[in-house]
Each structure stands twice: as C-alpha cells, then as structure tokens.
Amino acid sequence: MPVRVEPDRTFREALAAADRPLVGMWVCSGSPLIAELCAGAGLDWLLIDAEHSPNGLESILAQLQAVRGYPVQAVVRPPVNDSVLLKQYLDLGVQDLLIPMVNSAAEAKAAVSAVRYPPHGMRGVGSALARASRWNRIPDYLARAAETISVTVQIETEAAVAAVEEILAVDGVDAIFVGPSDLAASMGLLGQQEHPKVRAAVEHCLTAAKTAGKPGGVNAFNEATARAYMDAGASFVLVGADVALLARGTEALADKFIPTAPDGGAPFGGTGDTPSSY
C-alpha cells in the first residue's frame, strides 16, 4: 500500500493562527544547505526568492526538500506573475506564493486564476506527475488543491498603492506584502526606503489590509523600522537575508583581524569602501 500523506499547513493558515507578527528572512543564495541552516534558526517563515536570486526550478525543489523537516513556512517568490511559471512552481510542491509587482486588481485576479484548476482558474492539470500531489498520494488532491495554496501579492509601486483596496478585494488574494525598495523607486525616491512619503505609503497599505480583514506584510531590514511597522499593524515581516548576513558578517571578521593600511586605505590594494546596508 502506498503511503497516504496530507499537504503542509499554508502560510494563510499560519497567519490566521498567529497571535503576533510572523518574522522571517530572505533565502537568496540558491543553496539547499544555507536554506536548511536558516530553517533551523527559529524564525517563522523563509522567503525563497527567484526574482533577484540565482534560483531555478531545480534549486527551489532542493530547498523545499531541505527545509520541510523544520517548523517554518516556506514561501516562494517567482520572478514574474506568469501562469506557465506558476504552474511549474505549484507542481514542484510550492504551496505558498509571493507574487511580485502586482499593480492592479486584474493582475491579482490573473495570479489567483493561475493557481486554481478549471472551472475556477487556468492551472494545467498534471498532478499525477507532480510532487504537489505527492504523485497522487494526497487523497482527492484535484478537488482540494485550492485549499493547499496561499497567494500573497506584492505592492511595489505607486499604482499598486493607489489600487490596494481593489487588490485586497480580489477573492483568492490571501495577503499583501509591501516592498519599500521598489515602491521608493517608483515614487522618485530611489534608495530612500525610510523617506516619510514611502513610510506613509507602506502604512496606508497596512491599514487597508487590516480594514479588509487580510494580513499585510512588509520588508524592513532596519530593526526600528520593522518594529514600527509591526506596531502599525503588519502581520508579517522580513527582517534580513542570508546573503546580507554573510556579507556583513565576513566584512566584520575581516575588519576585526586585518589591520588598515598606514595611509588609511585598505590592505593589498583594496579600495577601503564599505558596502552600504540593504
């Protein structure tokens, strides 16, 4: 007899059950080893990113397998809101999606349609071949598939902020997540995520989510900012990234043990420049 299995808890269910904001980090290295290391840190969720990171289908699959034994939610961000790509992610067994650059209710509806089977959507049917159904070892997968998937859409532009109430009203959008970096850029404030206008736009979205009865999240690497957004109603936050932690940690190690050149520059012909924080 084959082993019958049940799908994992979704991010939607984790958010609904939480009595505090869920805290997570980016996993951008493309390494299953690093993903597993982060999964055991005690955080609530990990975002495996394929928009700005070297992640393809195979590396995402390997990371999902690496983190599954840990009590952490694995959310995956594709590079684009594309129905074909989302079909592949779902068949890999991705249950929780963060869709980037959703600027309108129509784009939100397209994302929801891509994750649902007909007649409620346009997801291609290949579950017997796919890890999503554990190769038909999840009972009644086709009938239950929609309940095993959560969709969070990313608010990253002025247009998305203007349409946030309409986006939140889309059936099947479980949560919104605000990206202050791209939002700042769209406002003509590139690199100024802490600008008062950007922060006001973020808080507007968080308030809209609360009014709609849906979770709102945000990215904030600055601790004071992250805590301020949680106080403003954020239900989930990302507060760091594997690659950023490794970059800053190795720089600190070098600074601790390698003396500065007598002329004040870096040793061995380096520039002495310190990379700015994310």
# chains A, B, ... in the order shown; residues from 1 in each chain; ligands from 1
>>> residues_around(residues="Trp45 (chain A)", least_positions_apart="2", cutoff="7 Å", atoms="only C-alpha atoms", output="VMD selection string")
chain A and resid 23 to 25 43 47 72 to 74
>>> write_last_selection(atoms="C-alpha atoms", output="mmCIF file, in the first residue's frame")
data_model
loop_
_atom_site.group_PDB
_atom_site.id
_atom_site.type_symbol
_atom_site.label_atom_id
_atom_site.label_comp_id
_atom_site.auth_asym_id
_atom_site.auth_seq_id
_atom_site.Cartn_x
_atom_site.Cartn_y
_atom_site.Cartn_z
ATOM 1 C CA VAL A 23 9.055 37.158 11.454
ATOM 2 C CA GLY A 24 11.044 35.813 8.533
ATOM 3 C CA MET A 25 14.072 36.250 6.319
ATOM 4 C CA LEU A 43 12.160 32.074 12.547
ATOM 5 C CA LEU A 47 11.147 33.577 1.542
ATOM 6 C CA VAL A 72 8.997 27.037 9.368
ATOM 7 C CA GLN A 73 6.795 28.223 6.492
ATOM 8 C CA ALA A 74 8.498 28.228 3.095
#
>>> residues_around(residues="region 94-104 of chain A", least_positions_apart="3", cutoff="7 Å", atoms="only C-alpha atoms", output="PDB file with N, CA and C atoms, in the first residue's frame")
ATOM      1  N   THR A  10      -0.623  25.888   5.145  1.00  0.00           N
ATOM      2  CA  THR A  10      -0.299  27.013   4.282  1.00  0.00           C
ATOM      3  C   THR A  10       0.100  28.239   5.110  1.00  0.00           C
ATOM      4  N   PHE A  11       0.716  29.198   4.411  1.00  0.00           N
ATOM      5  CA  PHE A  11       1.060  30.465   5.054  1.00  0.00           C
ATOM      6  C   PHE A  11      -0.205  31.189   5.496  1.00  0.00           C
ATOM      7  N   ALA A  74       7.674  27.913   4.261  1.00  0.00           N
ATOM      8  CA  ALA A  74       8.498  28.228   3.095  1.00  0.00           C
ATOM      9  C   ALA A  74       7.629  28.899   2.042  1.00  0.00           C
ATOM     10  N   VAL A  75       7.842  30.190   1.854  1.00  0.00           N
ATOM     11  CA  VAL A  75       7.145  30.965   0.833  1.00  0.00           C
ATOM     12  C   VAL A  75       8.120  31.157  -0.328  1.00  0.00           C
ATOM     13  N   VAL A  76       7.628  31.083  -1.555  1.00  0.00           N
ATOM     14  CA  VAL A  76       8.497  31.207  -2.729  1.00  0.00           C
ATOM     15  C   VAL A  76       8.032  32.380  -3.582  1.00  0.00           C
ATOM     16  N   ARG A  77       9.013  33.211  -3.992  1.00  0.00           N
ATOM     17  CA  ARG A  77       8.691  34.320  -4.893  1.00  0.00           C
ATOM     18  C   ARG A  77       9.212  34.020  -6.294  1.00  0.00           C
ATOM     19  N   PRO A  78       8.311  33.898  -7.267  1.00  0.00           N
ATOM     20  CA  PRO A  78       8.742  33.726  -8.654  1.00  0.00           C
ATOM     21  C   PRO A  78       9.252  35.056  -9.205  1.00  0.00           C
ATOM     22  N   VAL A  80       8.169  36.515 -11.883  1.00  0.00           N
ATOM     23  CA  VAL A  80       7.149  37.235 -12.623  1.00  0.00           C
ATOM     24  C   VAL A  80       5.799  36.561 -12.406  1.00  0.00           C
ATOM     25  N   ASN A  81       4.748  37.336 -12.558  1.00  0.00           N
ATOM     26  CA  ASN A  81       3.377  36.836 -12.447  1.00  0.00           C
ATOM     27  C   ASN A  81       2.993  36.200 -13.784  1.00  0.00           C
ATOM     28  N   TYR A  89       5.890  25.950 -10.640  1.00  0.00           N
ATOM     29  CA  TYR A  89       6.174  26.081  -9.208  1.00  0.00           C
ATOM     30  C   TYR A  89       5.201  25.230  -8.387  1.00  0.00           C
ATOM     31  N   LEU A  90       3.935  25.309  -8.728  1.00  0.00           N
ATOM     32  CA  LEU A  90       2.934  24.543  -7.986  1.00  0.00           C
ATOM     33  C   LEU A  90       3.184  23.050  -8.115  1.00  0.00           C
ATOM     34  N   GLU A 107      -4.403  42.162 -12.356  1.00  0.00           N
ATOM     35  CA  GLU A 107      -3.194  41.354 -12.224  1.00  0.00           C
ATOM     36  C   GLU A 107      -3.300  40.399 -11.038  1.00  0.00           C
ATOM     37  N   ALA A 108      -3.951  40.836  -9.975  1.00  0.00           N
ATOM     38  CA  ALA A 108      -4.182  39.952  -8.838  1.00  0.00           C
ATOM     39  C   ALA A 108      -5.094  38.788  -9.222  1.00  0.00           C
ATOM     40  N   THR A 148      -4.867  24.089  -0.524  1.00  0.00           N
ATOM     41  CA  THR A 148      -3.484  23.798  -0.142  1.00  0.00           C
ATOM     42  C   THR A 148      -2.520  24.893  -0.575  1.00  0.00           C
ATOM     43  N   ILE A 149      -3.038  25.965  -1.189  1.00  0.00           N
ATOM     44  CA  ILE A 149      -2.192  27.011  -1.770  1.00  0.00           C
ATOM     45  C   ILE A 149      -2.580  28.367  -1.196  1.00  0.00           C
ATOM     46  N   SER A 150      -1.578  29.178  -0.878  1.00  0.00           N
ATOM     47  CA  SER A 150      -1.844  30.560  -0.480  1.00  0.00           C
ATOM     48  C   SER A 150      -1.190  31.516  -1.471  1.00  0.00           C
ATOM     49  N   VAL A 151      -1.837  32.645  -1.684  1.00  0.00           N
ATOM     50  CA  VAL A 151      -1.359  33.658  -2.622  1.00  0.00           C
ATOM     51  C   VAL A 151      -1.222  34.994  -1.893  1.00  0.00           C
ATOM     52  N   THR A 152       0.001  35.463  -1.828  1.00  0.00           N
ATOM     53  CA  THR A 152       0.285  36.808  -1.326  1.00  0.00           C
ATOM     54  C   THR A 152       0.788  37.628  -2.501  1.00  0.00           C
ATOM     55  N   VAL A 153       0.263  38.821  -2.665  1.00  0.00           N
ATOM     56  CA  VAL A 153       0.685  39.659  -3.783  1.00  0.00           C
ATOM     57  C   VAL A 153       1.490  40.841  -3.264  1.00  0.00           C
ATOM     58  N   GLN A 154       2.454  41.247  -4.065  1.00  0.00           N
ATOM     59  CA  GLN A 154       3.380  42.278  -3.622  1.00  0.00           C
ATOM     60  C   GLN A 154       2.989  43.647  -4.160  1.00  0.00           C
ATOM     61  N   ILE A 155       2.913  44.614  -3.250  1.00  0.00           N
ATOM     62  CA  ILE A 155       2.600  46.010  -3.558  1.00  0.00           C
ATOM     63  C   ILE A 155       3.924  46.755  -3.617  1.00  0.00           C
ATOM     64  N   GLU A 156       4.309  47.207  -4.834  1.00  0.00           N
ATOM     65  CA  GLU A 156       5.659  47.741  -5.003  1.00  0.00           C
ATOM     66  C   GLU A 156       5.726  49.029  -5.815  1.00  0.00           C
ATOM     67  N   THR A 157       4.585  49.582  -6.183  1.00  0.00           N
ATOM     68  CA  THR A 157       4.576  50.797  -6.992  1.00  0.00           C
ATOM     69  C   THR A 157       3.492  51.742  -6.502  1.00  0.00           C
ATOM     70  N   ALA A 159       1.210  52.896  -8.337  1.00  0.00           N
ATOM     71  CA  ALA A 159      -0.053  52.415  -8.916  1.00  0.00           C
ATOM     72  C   ALA A 159      -0.676  51.340  -8.035  1.00  0.00           C
ATOM     73  N   ALA A 160       0.141  50.447  -7.499  1.00  0.00           N
ATOM     74  CA  ALA A 160      -0.365  49.395  -6.626  1.00  0.00           C
ATOM     75  C   ALA A 160      -0.913  49.966  -5.330  1.00  0.00           C
ATOM     76  N   ALA A 163      -4.253  51.315  -5.896  1.00  0.00           N
ATOM     77  CA  ALA A 163      -5.259  50.277  -6.157  1.00  0.00           C
ATOM     78  C   ALA A 163      -5.331  49.240  -5.039  1.00  0.00           C
ATOM     79  N   ILE A 167      -7.196  45.534  -4.957  1.00  0.00           N
ATOM     80  CA  ILE A 167      -6.382  44.313  -4.953  1.00  0.00           C
ATOM     81  C   ILE A 167      -6.772  43.432  -3.770  1.00  0.00           C
TER      82      ILE A 167
END
>>> residues_around(residues="Ala110 (chain A)", least_positions_apart="5", cutoff="9 Å", atoms="only C-alpha atoms", output="list in words")
Asn81, Asp82, Ser83, Ala105, Val115 and Gly121 of chain A
>>> atom_distance(atom1="CA of Ser133 (chain A)", atom2="CA of Gln65 (chain A)")
14.5 Å
>>> closest_residue(among="A:Ile258, A:Leu15, A:Leu190, A:Ala130", to="Gly216 (chain A)", atoms="only C-alpha atoms")
A:Leu15
>>> closest_residue(among="A:Asn219, A:Ala62, A:Gly56, A:Gly172", to="Glu36 (chain A)", atoms="only C-alpha atoms")
A:Ala62
>>> residues_around(residues="region 50-55 of chain A", least_positions_apart="2", cutoff="7 Å", atoms="only C-alpha atoms", output="MDAnalysis selection string")
chainID A and resid 28:30 48 57 59:60 77:79
>>> atom_distance(atom1="CA of Thr225 (chain A)", atom2="CA of Glu194 (chain A)")
8.0 Å
>>> closest_residue(among="A:Leu22, A:Ala185, A:Ala132, A:Ala232", to="Gly42 (chain A)", atoms="only C-alpha atoms")
A:Leu22
>>> residues_around(residues="Ala234 (chain A)", least_positions_apart="4", cutoff="9 Å", atoms="only C-alpha atoms", output="MDAnalysis selection string")
chainID A and resid 21:22 203 206:207 209:210 215:218 226 228:230
>>> write_last_selection(atoms="N, CA, C and O atoms", output="mmCIF file, in the first residue's frame")
data_model
loop_
_atom_site.group_PDB
_atom_site.id
_atom_site.type_symbol
_atom_site.label_atom_id
_atom_site.label_comp_id
_atom_site.auth_asym_id
_atom_site.auth_seq_id
_atom_site.Cartn_x
_atom_site.Cartn_y
_atom_site.Cartn_z
ATOM 1 N N PRO A 21 2.983 39.182 15.043
ATOM 2 C CA PRO A 21 3.506 39.209 13.674
ATOM 3 C C PRO A 21 4.508 38.079 13.441
ATOM 4 O O PRO A 21 5.324 37.767 14.309
ATOM 5 N N LEU A 22 4.425 37.461 12.266
ATOM 6 C CA LEU A 22 5.359 36.392 11.910
ATOM 7 C C LEU A 22 6.620 37.004 11.310
ATOM 8 O O LEU A 22 6.551 37.835 10.408
ATOM 9 N N GLU A 203 2.356 52.357 5.418
ATOM 10 C CA GLU A 203 1.368 52.308 6.493
ATOM 11 C C GLU A 203 -0.059 52.406 5.949
ATOM 12 O O GLU A 203 -0.983 51.797 6.505
ATOM 13 N N LEU A 206 -0.875 48.877 4.965
ATOM 14 C CA LEU A 206 -1.112 48.037 6.136
ATOM 15 C C LEU A 206 -2.491 48.324 6.738
ATOM 16 O O LEU A 206 -3.203 47.400 7.164
ATOM 17 N N THR A 207 -2.875 49.591 6.761
ATOM 18 C CA THR A 207 -4.197 49.954 7.264
ATOM 19 C C THR A 207 -5.298 49.409 6.359
ATOM 20 O O THR A 207 -6.322 48.902 6.834
ATOM 21 N N ALA A 209 -5.129 46.763 4.502
ATOM 22 C CA ALA A 209 -5.218 45.318 4.712
ATOM 23 C C ALA A 209 -6.008 44.997 5.971
ATOM 24 O O ALA A 209 -6.866 44.101 5.973
ATOM 25 N N LYS A 210 -5.729 45.720 7.036
ATOM 26 C CA LYS A 210 -6.451 45.490 8.286
ATOM 27 C C LYS A 210 -7.943 45.748 8.109
ATOM 28 O O LYS A 210 -8.790 44.985 8.585
ATOM 29 N N PRO A 215 -4.186 39.846 6.084
ATOM 30 C CA PRO A 215 -2.868 40.207 6.608
ATOM 31 C C PRO A 215 -2.097 41.089 5.636
ATOM 32 O O PRO A 215 -2.175 40.927 4.419
ATOM 33 N N GLY A 216 -1.345 42.020 6.204
ATOM 34 C CA GLY A 216 -0.434 42.844 5.431
ATOM 35 C C GLY A 216 0.969 42.682 5.969
ATOM 36 O O GLY A 216 1.179 42.661 7.185
ATOM 37 N N GLY A 217 1.926 42.556 5.066
ATOM 38 C CA GLY A 217 3.311 42.384 5.474
ATOM 39 C C GLY A 217 4.209 43.400 4.808
ATOM 40 O O GLY A 217 3.802 44.144 3.921
ATOM 41 N N VAL A 218 5.486 43.411 5.233
ATOM 42 C CA VAL A 218 6.423 44.396 4.708
ATOM 43 C C VAL A 218 7.852 43.910 4.907
ATOM 44 O O VAL A 218 8.141 43.127 5.813
ATOM 45 N N ALA A 226 11.253 48.015 11.259
ATOM 46 C CA ALA A 226 10.468 46.779 11.318
ATOM 47 C C ALA A 226 9.517 46.800 12.506
ATOM 48 O O ALA A 226 8.331 46.451 12.385
ATOM 49 N N ALA A 228 8.406 49.426 14.054
ATOM 50 C CA ALA A 228 7.384 50.464 13.839
ATOM 51 C C ALA A 228 6.269 49.942 12.936
ATOM 52 O O ALA A 228 5.081 50.207 13.180
ATOM 53 N N TYR A 229 6.642 49.190 11.893
ATOM 54 C CA TYR A 229 5.619 48.641 11.010
ATOM 55 C C TYR A 229 4.786 47.574 11.726
ATOM 56 O O TYR A 229 3.568 47.469 11.497
ATOM 57 N N MET A 230 5.414 46.789 12.583
ATOM 58 C CA MET A 230 4.635 45.819 13.358
ATOM 59 C C MET A 230 3.648 46.536 14.276
ATOM 60 O O MET A 230 2.499 46.124 14.420
#
>>> select_by_dssp(residues="region 3-148 of chain A", states="helix (DSSP H, G or I)", output="PyMOL selection string")
chain A and resi 11-17+32-39+57-67+83-92+105-114+127-129+131-133+141-148
>>> select_by_dssp(residues="region 12-251 of chain A", states="strand (DSSP E or B)", output="PyMOL selection string")
chain A and resi 22-27+45-49+73-77+96-99+150-155+175-178+216-219+236-241
>>> write_last_selection(atoms="C-alpha atoms", output="mmCIF file, in the first residue's frame")
data_model
loop_
_atom_site.group_PDB
_atom_site.id
_atom_site.type_symbol
_atom_site.label_atom_id
_atom_site.label_comp_id
_atom_site.auth_asym_id
_atom_site.auth_seq_id
_atom_site.Cartn_x
_atom_site.Cartn_y
_atom_site.Cartn_z
ATOM 1 C CA LEU A 22 5.359 36.392 11.910
ATOM 2 C CA VAL A 23 9.055 37.158 11.454
ATOM 3 C CA GLY A 24 11.044 35.813 8.533
ATOM 4 C CA MET A 25 14.072 36.250 6.319
ATOM 5 C CA TRP A 26 15.057 36.072 2.670
ATOM 6 C CA VAL A 27 16.816 32.968 1.371
ATOM 7 C CA TRP A 45 8.987 31.842 7.716
ATOM 8 C CA LEU A 46 11.514 31.894 4.910
ATOM 9 C CA LEU A 47 11.147 33.577 1.542
ATOM 10 C CA ILE A 48 12.926 31.586 -1.160
ATOM 11 C CA ASP A 49 13.471 34.222 -3.813
ATOM 12 C CA GLN A 73 6.795 28.223 6.492
ATOM 13 C CA ALA A 74 8.498 28.228 3.095
ATOM 14 C CA VAL A 75 7.145 30.965 0.833
ATOM 15 C CA VAL A 76 8.497 31.207 -2.729
ATOM 16 C CA ARG A 77 8.691 34.320 -4.893
ATOM 17 C CA ASP A 96 2.836 29.475 -0.643
ATOM 18 C CA LEU A 97 3.490 32.074 -3.323
ATOM 19 C CA LEU A 98 4.544 35.709 -3.108
ATOM 20 C CA ILE A 99 3.757 37.253 -6.496
ATOM 21 C CA SER A 150 -1.844 30.560 -0.480
ATOM 22 C CA VAL A 151 -1.359 33.658 -2.622
ATOM 23 C CA THR A 152 0.285 36.808 -1.326
ATOM 24 C CA VAL A 153 0.685 39.659 -3.783
ATOM 25 C CA GLN A 154 3.380 42.278 -3.622
ATOM 26 C CA ILE A 155 2.600 46.010 -3.558
ATOM 27 C CA ALA A 175 -2.449 38.725 1.914
ATOM 28 C CA ILE A 176 -0.444 41.657 0.601
ATOM 29 C CA PHE A 177 3.261 42.337 1.094
ATOM 30 C CA VAL A 178 4.759 45.793 0.600
ATOM 31 C CA GLY A 216 -0.434 42.844 5.431
ATOM 32 C CA GLY A 217 3.311 42.384 5.474
ATOM 33 C CA VAL A 218 6.423 44.396 4.708
ATOM 34 C CA ASN A 219 10.162 44.126 4.162
ATOM 35 C CA PHE A 236 4.353 39.517 8.906
ATOM 36 C CA VAL A 237 7.779 40.974 8.199
ATOM 37 C CA LEU A 238 11.073 40.074 6.585
ATOM 38 C CA VAL A 239 13.978 41.386 8.648
ATOM 39 C CA GLY A 240 17.115 40.031 6.972
ATOM 40 C CA ALA A 241 18.629 37.911 4.229
#
>>> residues_around(residues="Asp140 (chain A)", least_positions_apart="5", cutoff="12 Å", atoms="only C-alpha atoms", output="list in words")
Arg4, Val5, Glu6, Pro7, Ser127, Ala128, Ser133, Arg134, Trp135, Ala145, Ala146, Glu147 and Thr148 of chain A
